[in-house]
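target-v8.txt follows (compact mmCIF, N, CA and C atoms and all ligand atoms):
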# COMPACT_ATOMS: atom_id res chain seq x y z
N MET A 646 -5.06 241.51 112.07
CA MET A 646 -5.75 240.77 111.00
C MET A 646 -6.99 240.09 111.57
N ALA A 647 -8.12 240.33 110.93
CA ALA A 647 -9.36 239.70 111.39
C ALA A 647 -9.38 238.25 110.92
N LEU A 648 -9.79 237.39 111.81
CA LEU A 648 -9.88 235.99 111.42
C LEU A 648 -11.13 235.79 110.59
N GLY A 649 -11.00 235.08 109.49
CA GLY A 649 -12.15 234.79 108.65
C GLY A 649 -13.01 233.72 109.30
N ASN A 650 -14.05 233.39 108.60
CA ASN A 650 -14.98 232.40 109.09
C ASN A 650 -14.77 231.14 108.24
N LEU A 651 -14.67 230.01 108.91
CA LEU A 651 -14.41 228.76 108.19
C LEU A 651 -15.50 228.49 107.15
N ASP A 652 -16.73 228.88 107.46
CA ASP A 652 -17.83 228.69 106.51
C ASP A 652 -17.56 229.38 105.18
N GLU A 653 -16.84 230.50 105.30
CA GLU A 653 -16.52 231.26 104.10
C GLU A 653 -15.69 230.42 103.13
N ILE A 654 -14.80 229.62 103.70
CA ILE A 654 -13.98 228.74 102.87
C ILE A 654 -14.85 227.66 102.24
N TYR A 655 -15.73 227.09 103.06
CA TYR A 655 -16.58 226.03 102.53
C TYR A 655 -17.53 226.54 101.45
N ARG A 656 -17.82 227.85 101.51
CA ARG A 656 -18.74 228.41 100.52
C ARG A 656 -18.03 228.94 99.28
N ASP A 657 -16.71 228.95 99.33
CA ASP A 657 -15.95 229.44 98.18
C ASP A 657 -16.33 228.60 96.95
N ASP A 658 -16.61 229.26 95.81
CA ASP A 658 -17.11 228.56 94.62
C ASP A 658 -16.16 227.47 94.14
N VAL A 659 -14.88 227.80 94.10
CA VAL A 659 -13.90 226.83 93.58
C VAL A 659 -13.85 225.60 94.49
N ILE A 660 -13.79 225.85 95.79
CA ILE A 660 -13.69 224.74 96.75
C ILE A 660 -14.97 223.90 96.74
N LEU A 661 -16.10 224.58 96.72
CA LEU A 661 -17.39 223.87 96.67
C LEU A 661 -17.49 222.99 95.44
N ASP A 662 -17.06 223.54 94.33
CA ASP A 662 -17.17 222.82 93.07
C ASP A 662 -16.32 221.54 93.10
N HIS A 663 -15.10 221.66 93.62
CA HIS A 663 -14.24 220.47 93.69
C HIS A 663 -14.76 219.47 94.72
N ARG A 664 -15.37 220.00 95.78
CA ARG A 664 -15.91 219.14 96.82
C ARG A 664 -17.09 218.33 96.27
N ARG A 665 -17.92 219.00 95.49
CA ARG A 665 -19.13 218.33 94.97
C ARG A 665 -18.85 217.45 93.78
N ASN A 666 -17.90 217.89 92.95
CA ASN A 666 -17.56 217.11 91.76
C ASN A 666 -16.07 216.85 91.74
N PRO A 667 -15.61 215.92 92.57
CA PRO A 667 -14.17 215.66 92.62
C PRO A 667 -13.67 215.22 91.24
N ARG A 668 -12.52 215.78 90.84
CA ARG A 668 -11.94 215.45 89.55
C ARG A 668 -11.15 214.14 89.65
N ASN A 669 -11.10 213.43 88.55
CA ASN A 669 -10.26 212.23 88.43
C ASN A 669 -10.46 211.20 89.54
N PRO A 670 -11.72 210.85 89.85
CA PRO A 670 -11.97 209.95 90.99
C PRO A 670 -11.67 208.48 90.72
N ASP A 671 -11.46 208.10 89.45
CA ASP A 671 -11.27 206.67 89.16
C ASP A 671 -9.87 206.20 89.52
N ARG A 672 -9.81 205.10 90.24
CA ARG A 672 -8.52 204.54 90.62
C ARG A 672 -7.82 203.98 89.39
N ILE A 673 -6.52 204.27 89.27
CA ILE A 673 -5.75 203.77 88.14
C ILE A 673 -4.94 202.57 88.62
N ASP A 674 -5.35 201.38 88.19
CA ASP A 674 -4.69 200.18 88.71
C ASP A 674 -3.32 199.93 88.11
N ASP A 675 -3.10 200.43 86.89
CA ASP A 675 -1.78 200.19 86.27
C ASP A 675 -0.94 201.47 86.29
N ALA A 676 -1.08 202.26 87.37
CA ALA A 676 -0.33 203.51 87.48
C ALA A 676 1.16 203.26 87.66
N ASP A 677 1.97 204.31 87.40
CA ASP A 677 3.41 204.22 87.61
C ASP A 677 3.77 204.55 89.05
N ARG A 678 2.97 205.40 89.69
CA ARG A 678 3.22 205.77 91.08
C ARG A 678 1.92 205.64 91.87
N PHE A 679 2.03 205.06 93.06
CA PHE A 679 0.89 204.97 93.98
C PHE A 679 1.28 205.70 95.26
N MET A 680 0.42 206.58 95.73
CA MET A 680 0.76 207.37 96.91
C MET A 680 -0.44 207.40 97.85
N ASP A 681 -0.17 207.17 99.13
CA ASP A 681 -1.24 207.17 100.11
C ASP A 681 -0.81 207.97 101.33
N GLY A 682 -1.71 208.81 101.82
CA GLY A 682 -1.39 209.62 102.99
C GLY A 682 -2.56 209.68 103.95
N VAL A 683 -2.24 209.79 105.23
CA VAL A 683 -3.28 209.85 106.26
C VAL A 683 -2.94 210.96 107.25
N ASN A 684 -3.94 211.71 107.66
CA ASN A 684 -3.77 212.65 108.76
C ASN A 684 -4.64 212.16 109.90
N PRO A 685 -4.04 211.44 110.87
CA PRO A 685 -4.83 210.80 111.92
C PRO A 685 -5.59 211.80 112.80
N PHE A 686 -5.15 213.07 112.81
CA PHE A 686 -5.77 214.04 113.70
C PHE A 686 -7.17 214.41 113.27
N CYS A 687 -7.43 214.39 111.95
CA CYS A 687 -8.82 214.70 111.58
C CYS A 687 -9.41 213.63 110.68
N GLY A 688 -8.70 212.50 110.53
CA GLY A 688 -9.27 211.39 109.77
C GLY A 688 -9.22 211.57 108.27
N ASP A 689 -8.39 212.50 107.80
CA ASP A 689 -8.27 212.70 106.36
C ASP A 689 -7.41 211.60 105.73
N GLU A 690 -7.82 211.19 104.55
CA GLU A 690 -7.04 210.21 103.79
C GLU A 690 -6.94 210.67 102.36
N ILE A 691 -5.80 210.38 101.76
CA ILE A 691 -5.58 210.73 100.35
C ILE A 691 -4.94 209.54 99.63
N HIS A 692 -5.47 209.20 98.49
CA HIS A 692 -4.88 208.14 97.67
C HIS A 692 -4.70 208.70 96.27
N LEU A 693 -3.47 208.66 95.80
CA LEU A 693 -3.17 209.19 94.47
C LEU A 693 -2.51 208.13 93.62
N GLN A 694 -2.85 208.11 92.35
CA GLN A 694 -2.15 207.26 91.39
C GLN A 694 -1.77 208.15 90.21
N ILE A 695 -0.57 207.96 89.75
CA ILE A 695 -0.07 208.77 88.63
C ILE A 695 0.40 207.85 87.51
N LYS A 696 -0.10 208.12 86.33
CA LYS A 696 0.36 207.38 85.15
C LYS A 696 1.12 208.36 84.27
N LEU A 697 2.34 207.97 83.91
CA LEU A 697 3.18 208.85 83.10
C LEU A 697 3.05 208.51 81.62
N GLY A 698 3.15 209.53 80.81
CA GLY A 698 3.13 209.33 79.37
C GLY A 698 4.53 209.00 78.89
N PRO A 699 4.67 208.66 77.60
CA PRO A 699 5.98 208.32 77.03
C PRO A 699 6.97 209.48 77.15
N ASN A 700 6.47 210.70 77.26
CA ASN A 700 7.36 211.87 77.37
C ASN A 700 7.74 212.17 78.82
N GLY A 701 7.36 211.27 79.74
CA GLY A 701 7.72 211.47 81.14
C GLY A 701 6.83 212.47 81.86
N ARG A 702 5.77 212.88 81.21
CA ARG A 702 4.85 213.82 81.86
C ARG A 702 3.64 213.09 82.43
N VAL A 703 3.05 213.70 83.45
CA VAL A 703 1.87 213.11 84.09
C VAL A 703 0.73 213.10 83.07
N MET A 704 0.29 211.89 82.74
CA MET A 704 -0.72 211.75 81.69
C MET A 704 -2.10 211.59 82.33
N GLN A 705 -2.13 210.85 83.44
CA GLN A 705 -3.41 210.53 84.07
C GLN A 705 -3.20 210.52 85.58
N VAL A 706 -4.21 211.03 86.29
CA VAL A 706 -4.13 211.04 87.75
C VAL A 706 -5.41 210.43 88.30
N GLY A 707 -5.27 209.61 89.33
CA GLY A 707 -6.43 209.12 90.05
C GLY A 707 -6.36 209.69 91.46
N PHE A 708 -7.49 210.15 91.96
CA PHE A 708 -7.51 210.71 93.31
C PHE A 708 -8.75 210.22 94.04
N GLN A 709 -8.52 209.61 95.20
CA GLN A 709 -9.63 209.23 96.07
C GLN A 709 -9.30 209.76 97.46
N GLY A 710 -10.28 210.40 98.09
CA GLY A 710 -10.02 210.96 99.41
C GLY A 710 -11.17 210.72 100.34
N GLU A 711 -10.85 210.83 101.63
CA GLU A 711 -11.88 210.76 102.64
C GLU A 711 -11.57 211.82 103.67
N GLY A 712 -12.61 212.36 104.28
CA GLY A 712 -12.35 213.33 105.33
C GLY A 712 -13.01 214.66 105.05
N CYS A 713 -12.37 215.71 105.54
CA CYS A 713 -13.02 217.02 105.52
C CYS A 713 -13.00 217.66 104.13
N SER A 714 -13.80 218.69 103.97
CA SER A 714 -13.95 219.37 102.68
C SER A 714 -12.64 219.93 102.16
N ILE A 715 -11.83 220.48 103.06
CA ILE A 715 -10.59 221.11 102.61
C ILE A 715 -9.67 220.05 102.02
N ASN A 716 -9.58 218.92 102.70
CA ASN A 716 -8.76 217.81 102.22
C ASN A 716 -9.26 217.32 100.85
N GLN A 717 -10.55 217.13 100.75
CA GLN A 717 -11.14 216.60 99.51
C GLN A 717 -10.95 217.56 98.35
N ALA A 718 -11.21 218.84 98.62
CA ALA A 718 -11.10 219.83 97.55
C ALA A 718 -9.64 219.97 97.11
N THR A 719 -8.72 219.96 98.08
CA THR A 719 -7.31 220.11 97.72
C THR A 719 -6.83 218.94 96.88
N GLY A 720 -7.23 217.72 97.25
CA GLY A 720 -6.83 216.54 96.49
C GLY A 720 -7.33 216.62 95.06
N SER A 721 -8.58 217.04 94.91
CA SER A 721 -9.17 217.16 93.58
C SER A 721 -8.43 218.21 92.76
N MET A 722 -8.12 219.34 93.40
CA MET A 722 -7.41 220.41 92.69
C MET A 722 -6.01 219.96 92.30
N LEU A 723 -5.36 219.25 93.20
CA LEU A 723 -4.01 218.73 92.89
C LEU A 723 -4.07 217.82 91.67
N SER A 724 -5.09 216.97 91.61
CA SER A 724 -5.17 215.99 90.52
C SER A 724 -5.29 216.69 89.17
N GLU A 725 -5.83 217.89 89.16
CA GLU A 725 -5.92 218.67 87.93
C GLU A 725 -4.61 219.40 87.67
N ALA A 726 -4.06 219.94 88.75
CA ALA A 726 -2.91 220.85 88.62
C ALA A 726 -1.64 220.16 88.12
N ILE A 727 -1.47 218.88 88.43
CA ILE A 727 -0.20 218.24 88.05
C ILE A 727 -0.25 217.56 86.68
N LYS A 728 -1.42 217.54 86.07
CA LYS A 728 -1.52 216.91 84.74
C LYS A 728 -0.65 217.66 83.73
N GLY A 729 0.11 216.90 82.95
CA GLY A 729 0.96 217.50 81.93
C GLY A 729 2.32 217.92 82.44
N LEU A 730 2.55 217.85 83.75
CA LEU A 730 3.84 218.25 84.31
C LEU A 730 4.78 217.04 84.37
N THR A 731 6.09 217.32 84.36
CA THR A 731 7.05 216.26 84.68
C THR A 731 7.02 216.09 86.19
N LEU A 732 7.60 215.00 86.69
CA LEU A 732 7.58 214.78 88.14
C LEU A 732 8.37 215.86 88.86
N SER A 733 9.44 216.37 88.26
CA SER A 733 10.17 217.43 88.95
C SER A 733 9.40 218.75 88.93
N GLU A 734 8.65 218.99 87.87
CA GLU A 734 7.78 220.19 87.86
C GLU A 734 6.69 220.05 88.92
N ALA A 735 6.16 218.83 89.06
CA ALA A 735 5.13 218.60 90.08
C ALA A 735 5.71 218.85 91.47
N ALA A 736 6.95 218.43 91.68
CA ALA A 736 7.60 218.64 92.97
C ALA A 736 7.79 220.13 93.23
N ARG A 737 8.13 220.87 92.19
CA ARG A 737 8.31 222.33 92.37
C ARG A 737 6.98 223.01 92.65
N LEU A 738 5.92 222.54 92.01
CA LEU A 738 4.59 223.11 92.27
C LEU A 738 4.22 222.85 93.74
N SER A 739 4.52 221.65 94.20
CA SER A 739 4.24 221.30 95.58
C SER A 739 5.00 222.20 96.53
N ASP A 740 6.23 222.49 96.16
CA ASP A 740 7.06 223.39 96.93
C ASP A 740 6.42 224.78 97.06
N ARG A 741 5.92 225.27 95.93
CA ARG A 741 5.29 226.60 95.94
C ARG A 741 4.02 226.57 96.79
N PHE A 742 3.28 225.45 96.70
CA PHE A 742 2.06 225.34 97.49
C PHE A 742 2.39 225.37 98.99
N HIS A 743 3.43 224.62 99.37
CA HIS A 743 3.85 224.63 100.77
C HIS A 743 4.25 226.04 101.20
N ARG A 744 4.95 226.75 100.30
CA ARG A 744 5.39 228.10 100.65
C ARG A 744 4.20 229.02 100.86
N MET A 745 3.13 228.80 100.07
CA MET A 745 1.93 229.62 100.22
C MET A 745 1.26 229.37 101.57
N MET A 746 1.28 228.12 102.03
CA MET A 746 0.54 227.75 103.23
C MET A 746 1.31 227.96 104.53
N GLU A 747 2.65 227.96 104.41
CA GLU A 747 3.46 228.02 105.63
C GLU A 747 4.23 229.32 105.69
N GLY A 748 4.59 229.71 106.88
CA GLY A 748 5.44 230.88 107.04
C GLY A 748 4.69 232.18 106.82
N SER A 749 5.42 233.19 106.29
CA SER A 749 4.83 234.52 106.21
C SER A 749 3.83 234.62 105.06
N GLU A 750 3.06 235.69 105.10
CA GLU A 750 2.03 236.00 104.10
C GLU A 750 2.60 235.81 102.67
N PRO A 751 1.93 235.01 101.82
CA PRO A 751 2.49 234.76 100.48
C PRO A 751 2.43 236.00 99.59
N PRO A 752 3.50 236.30 98.85
CA PRO A 752 3.49 237.45 97.93
C PRO A 752 2.52 237.20 96.78
N PRO A 753 1.96 238.28 96.20
CA PRO A 753 0.97 238.15 95.12
C PRO A 753 1.48 237.34 93.93
N GLU A 754 2.79 237.47 93.58
CA GLU A 754 3.32 236.70 92.43
C GLU A 754 3.16 235.21 92.69
N LEU A 755 3.41 234.82 93.95
CA LEU A 755 3.31 233.41 94.28
C LEU A 755 1.85 232.95 94.14
N LEU A 756 0.94 233.75 94.68
CA LEU A 756 -0.49 233.39 94.58
C LEU A 756 -0.91 233.30 93.12
N ASN A 757 -0.50 234.27 92.31
CA ASN A 757 -0.89 234.26 90.90
C ASN A 757 -0.36 233.03 90.19
N SER A 758 0.87 232.65 90.53
CA SER A 758 1.48 231.51 89.84
C SER A 758 0.76 230.21 90.19
N LEU A 759 -0.01 230.22 91.25
CA LEU A 759 -0.70 229.00 91.66
C LEU A 759 -2.12 228.90 91.12
N GLY A 760 -2.59 229.94 90.45
CA GLY A 760 -3.93 229.89 89.85
C GLY A 760 -5.01 229.59 90.87
N ASP A 761 -5.91 228.66 90.51
CA ASP A 761 -7.03 228.31 91.39
C ASP A 761 -6.57 227.84 92.76
N LEU A 762 -5.40 227.24 92.82
CA LEU A 762 -4.91 226.73 94.11
C LEU A 762 -4.76 227.86 95.13
N GLY A 763 -4.64 229.09 94.62
CA GLY A 763 -4.47 230.25 95.49
C GLY A 763 -5.62 230.45 96.46
N VAL A 764 -6.82 229.97 96.12
CA VAL A 764 -7.97 230.18 97.03
C VAL A 764 -7.71 229.48 98.36
N LEU A 765 -6.88 228.45 98.33
CA LEU A 765 -6.62 227.70 99.56
C LEU A 765 -5.77 228.49 100.55
N SER A 766 -5.21 229.62 100.10
CA SER A 766 -4.44 230.43 101.04
C SER A 766 -5.33 230.96 102.17
N LYS A 767 -6.64 230.99 101.94
CA LYS A 767 -7.57 231.43 103.00
C LYS A 767 -7.50 230.50 104.22
N VAL A 768 -7.11 229.26 103.98
CA VAL A 768 -7.04 228.29 105.07
C VAL A 768 -5.97 228.69 106.09
N ARG A 769 -5.02 229.54 105.66
CA ARG A 769 -3.99 230.02 106.59
C ARG A 769 -4.58 230.64 107.85
N ASP A 770 -5.79 231.20 107.72
CA ASP A 770 -6.43 231.83 108.89
C ASP A 770 -6.85 230.79 109.93
N PHE A 771 -6.78 229.52 109.58
CA PHE A 771 -7.21 228.46 110.50
C PHE A 771 -6.08 227.45 110.66
N PRO A 772 -5.11 227.80 111.53
CA PRO A 772 -3.88 227.00 111.62
C PRO A 772 -4.12 225.50 111.78
N VAL A 773 -5.17 225.10 112.50
CA VAL A 773 -5.36 223.65 112.67
C VAL A 773 -5.78 222.97 111.38
N ARG A 774 -6.28 223.75 110.43
CA ARG A 774 -6.73 223.14 109.18
C ARG A 774 -5.66 223.16 108.08
N ILE A 775 -4.56 223.83 108.33
CA ILE A 775 -3.53 223.92 107.29
C ILE A 775 -3.07 222.53 106.87
N LYS A 776 -2.95 221.63 107.85
CA LYS A 776 -2.55 220.26 107.54
C LYS A 776 -3.53 219.59 106.58
N CYS A 777 -4.80 219.96 106.66
CA CYS A 777 -5.82 219.38 105.77
C CYS A 777 -5.53 219.77 104.33
N ALA A 778 -5.06 221.00 104.13
CA ALA A 778 -4.77 221.48 102.78
C ALA A 778 -3.42 220.97 102.30
N LEU A 779 -2.56 220.57 103.23
CA LEU A 779 -1.22 220.12 102.84
C LEU A 779 -1.12 218.61 102.63
N LEU A 780 -2.09 217.85 103.16
CA LEU A 780 -1.96 216.39 103.11
C LEU A 780 -1.74 215.86 101.70
N ALA A 781 -2.57 216.31 100.76
CA ALA A 781 -2.45 215.81 99.39
C ALA A 781 -1.06 216.11 98.81
N TRP A 782 -0.59 217.34 99.07
CA TRP A 782 0.71 217.75 98.52
C TRP A 782 1.86 217.04 99.22
N SER A 783 1.74 216.84 100.52
CA SER A 783 2.79 216.11 101.25
C SER A 783 2.83 214.66 100.79
N THR A 784 1.65 214.10 100.52
CA THR A 784 1.57 212.72 100.04
C THR A 784 2.25 212.60 98.69
N LEU A 785 2.00 213.59 97.83
CA LEU A 785 2.63 213.62 96.52
C LEU A 785 4.16 213.68 96.67
N GLU A 786 4.62 214.59 97.53
CA GLU A 786 6.06 214.75 97.71
C GLU A 786 6.72 213.49 98.23
N ASP A 787 6.08 212.87 99.22
CA ASP A 787 6.63 211.62 99.77
C ASP A 787 6.75 210.60 98.65
N GLY A 788 5.72 210.52 97.82
CA GLY A 788 5.71 209.54 96.75
C GLY A 788 6.75 209.84 95.68
N LEU A 789 7.02 211.10 95.45
CA LEU A 789 7.99 211.47 94.42
C LEU A 789 9.41 211.23 94.89
N SER A 790 9.63 211.37 96.19
CA SER A 790 11.00 211.24 96.69
C SER A 790 11.35 209.80 97.04
N SER A 791 10.37 208.92 97.07
CA SER A 791 10.68 207.54 97.46
C SER A 791 11.03 206.69 96.24
ZN ZN B 1 -9.15 217.72 107.48

In structure tokens, what does this structure look like?
Ligand code: ZN
Amino acid sequence: MALGNLDEIYRDDVILDHRRNPRNPDRIDDADRFMDGVNPFCGDEIHLQIKLGPNGRVMQVGFQGEGCSINQATGSMLSEAIKGLTLSEAARLSDRFHRMMEGSEPPPELLNSLGDLGVLSKVRDFPVRIKCALLAWSTLEDGLSS
């Protein structure tokens, strides 16, 4: 397998778009869940706030991040992806994301089920950066299980 070029990831349209226009950047002060994560190895930080609707579904998400492009883009994409889900559905989505990033080559059904998030599978070619793509999702999982 030929190793890709990291620049290729940074130039990916979906990733670039989220990097330049992060979704849901406003902090939600009256959120139901507050989640914060740090990856000390590359200085990435993720802050998430989740506000639930009366039906128990994610109604509003706040995302603020610092650090590398992969971290920032993933956090922004996560903030879009979990809207409208119940917390257990969000946990299952996180599970699928982890499965895409870790272990053996992800099957096409898995990639398809992840939609835009699938572009991040390219990061697999850069093992040291996988943690950058996982930080937001790990932060979410920690927050959901606590
Ligand atoms: Zn990073």

Residues at most 5 Å from ligand ZN 1 (chain B), using only N, CA and C atoms and all ligand atoms? Could they come as a PDB file with N, CA and C atoms, in the frame of the given file?
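Saved result, pocket_27.pdb, follows:
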ATOM      1  N   CYS A 713     -12.370 215.710 105.540  1.00  0.00           N
ATOM      2  CA  CYS A 713     -13.020 217.020 105.520  1.00  0.00           C
ATOM      3  C   CYS A 713     -13.000 217.660 104.130  1.00  0.00           C
ATOM      4  N   ASN A 716      -9.580 218.920 102.700  1.00  0.00           N
ATOM      5  CA  ASN A 716      -8.760 217.810 102.220  1.00  0.00           C
ATOM      6  C   ASN A 716      -9.260 217.320 100.850  1.00  0.00           C
ATOM      7  N   CYS A 777      -4.800 219.960 106.660  1.00  0.00           N
ATOM      8  CA  CYS A 777      -5.820 219.380 105.770  1.00  0.00           C
ATOM      9  C   CYS A 777      -5.530 219.770 104.330  1.00  0.00           C
TER      10      CYS A 777
END

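Among the candidate residues A:His663, A:Gly710, A:Leu755, A:Ser721, the one lying nearest to Asp689 of chain A is A:Gly710, with distances computed using only N, CA and C atoms.
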
| request: Name the residues of chain A that come out as alpha helix (DSSP H) in a backbone DSSP run; write them as an NGL selection string. | output: :A and (651-656 or 658-665 or 714-726 or 732-746 or 753-758 or 775-790)

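One distance worth recording is that between atom C of Pro670 of chain A and atom N of Ser790 of chain A, which is 22.2 Å.
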
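Going from atom CA of Leu762 of chain A to atom N of Ile695 of chain A covers 19.8 Å.
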
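Here atom N of Val683 of chain A is placed at a distance of 20.7 Å from atom N of Lys728 of chain A.
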
Can you rebuild segment 656-669 of chain A with N, CA, C and O atoms and give it as a short mmCIF file (atom, residue, chain, number, x, y, z; two decimals), in the frame of the given file?
data_model
loop_
_atom_site.label_atom_id
_atom_site.label_comp_id
_atom_site.auth_asym_id
_atom_site.auth_seq_id
_atom_site.Cartn_x
_atom_site.Cartn_y
_atom_site.Cartn_z
N ARG A 656 -17.82 227.85 101.51
CA ARG A 656 -18.74 228.41 100.52
C ARG A 656 -18.03 228.94 99.28
O ARG A 656 -18.68 229.36 98.33
N ASP A 657 -16.71 228.95 99.33
CA ASP A 657 -15.95 229.44 98.18
C ASP A 657 -16.33 228.60 96.95
O ASP A 657 -16.36 227.37 97.01
N ASP A 658 -16.61 229.26 95.81
CA ASP A 658 -17.11 228.56 94.62
C ASP A 658 -16.16 227.47 94.14
O ASP A 658 -16.60 226.38 93.78
N VAL A 659 -14.88 227.80 94.10
CA VAL A 659 -13.90 226.83 93.58
C VAL A 659 -13.85 225.60 94.49
O VAL A 659 -13.90 224.46 94.03
N ILE A 660 -13.79 225.85 95.79
CA ILE A 660 -13.69 224.74 96.75
C ILE A 660 -14.97 223.90 96.74
O ILE A 660 -14.92 222.67 96.70
N LEU A 661 -16.10 224.58 96.72
CA LEU A 661 -17.39 223.87 96.67
C LEU A 661 -17.49 222.99 95.44
O LEU A 661 -17.95 221.85 95.51
N ASP A 662 -17.06 223.54 94.33
CA ASP A 662 -17.17 222.82 93.07
C ASP A 662 -16.32 221.54 93.10
O ASP A 662 -16.78 220.47 92.71
N HIS A 663 -15.10 221.66 93.62
CA HIS A 663 -14.24 220.47 93.69
C HIS A 663 -14.76 219.47 94.72
O HIS A 663 -14.61 218.26 94.56
N ARG A 664 -15.37 220.00 95.78
CA ARG A 664 -15.91 219.14 96.82
C ARG A 664 -17.09 218.33 96.27
O ARG A 664 -17.25 217.15 96.53
N ARG A 665 -17.92 219.00 95.49
CA ARG A 665 -19.13 218.33 94.97
C ARG A 665 -18.85 217.45 93.78
O ARG A 665 -19.51 216.44 93.58
N ASN A 666 -17.90 217.89 92.95
CA ASN A 666 -17.56 217.11 91.76
C ASN A 666 -16.07 216.85 91.74
O ASN A 666 -15.34 217.48 90.99
N PRO A 667 -15.61 215.92 92.57
CA PRO A 667 -14.17 215.66 92.62
C PRO A 667 -13.67 215.22 91.24
O PRO A 667 -14.32 214.42 90.57
N ARG A 668 -12.52 215.78 90.84
CA ARG A 668 -11.94 215.45 89.55
C ARG A 668 -11.15 214.14 89.65
O ARG A 668 -10.58 213.84 90.70
N ASN A 669 -11.10 213.43 88.55
CA ASN A 669 -10.26 212.23 88.43
C ASN A 669 -10.46 211.20 89.54
O ASN A 669 -9.49 210.73 90.14
#
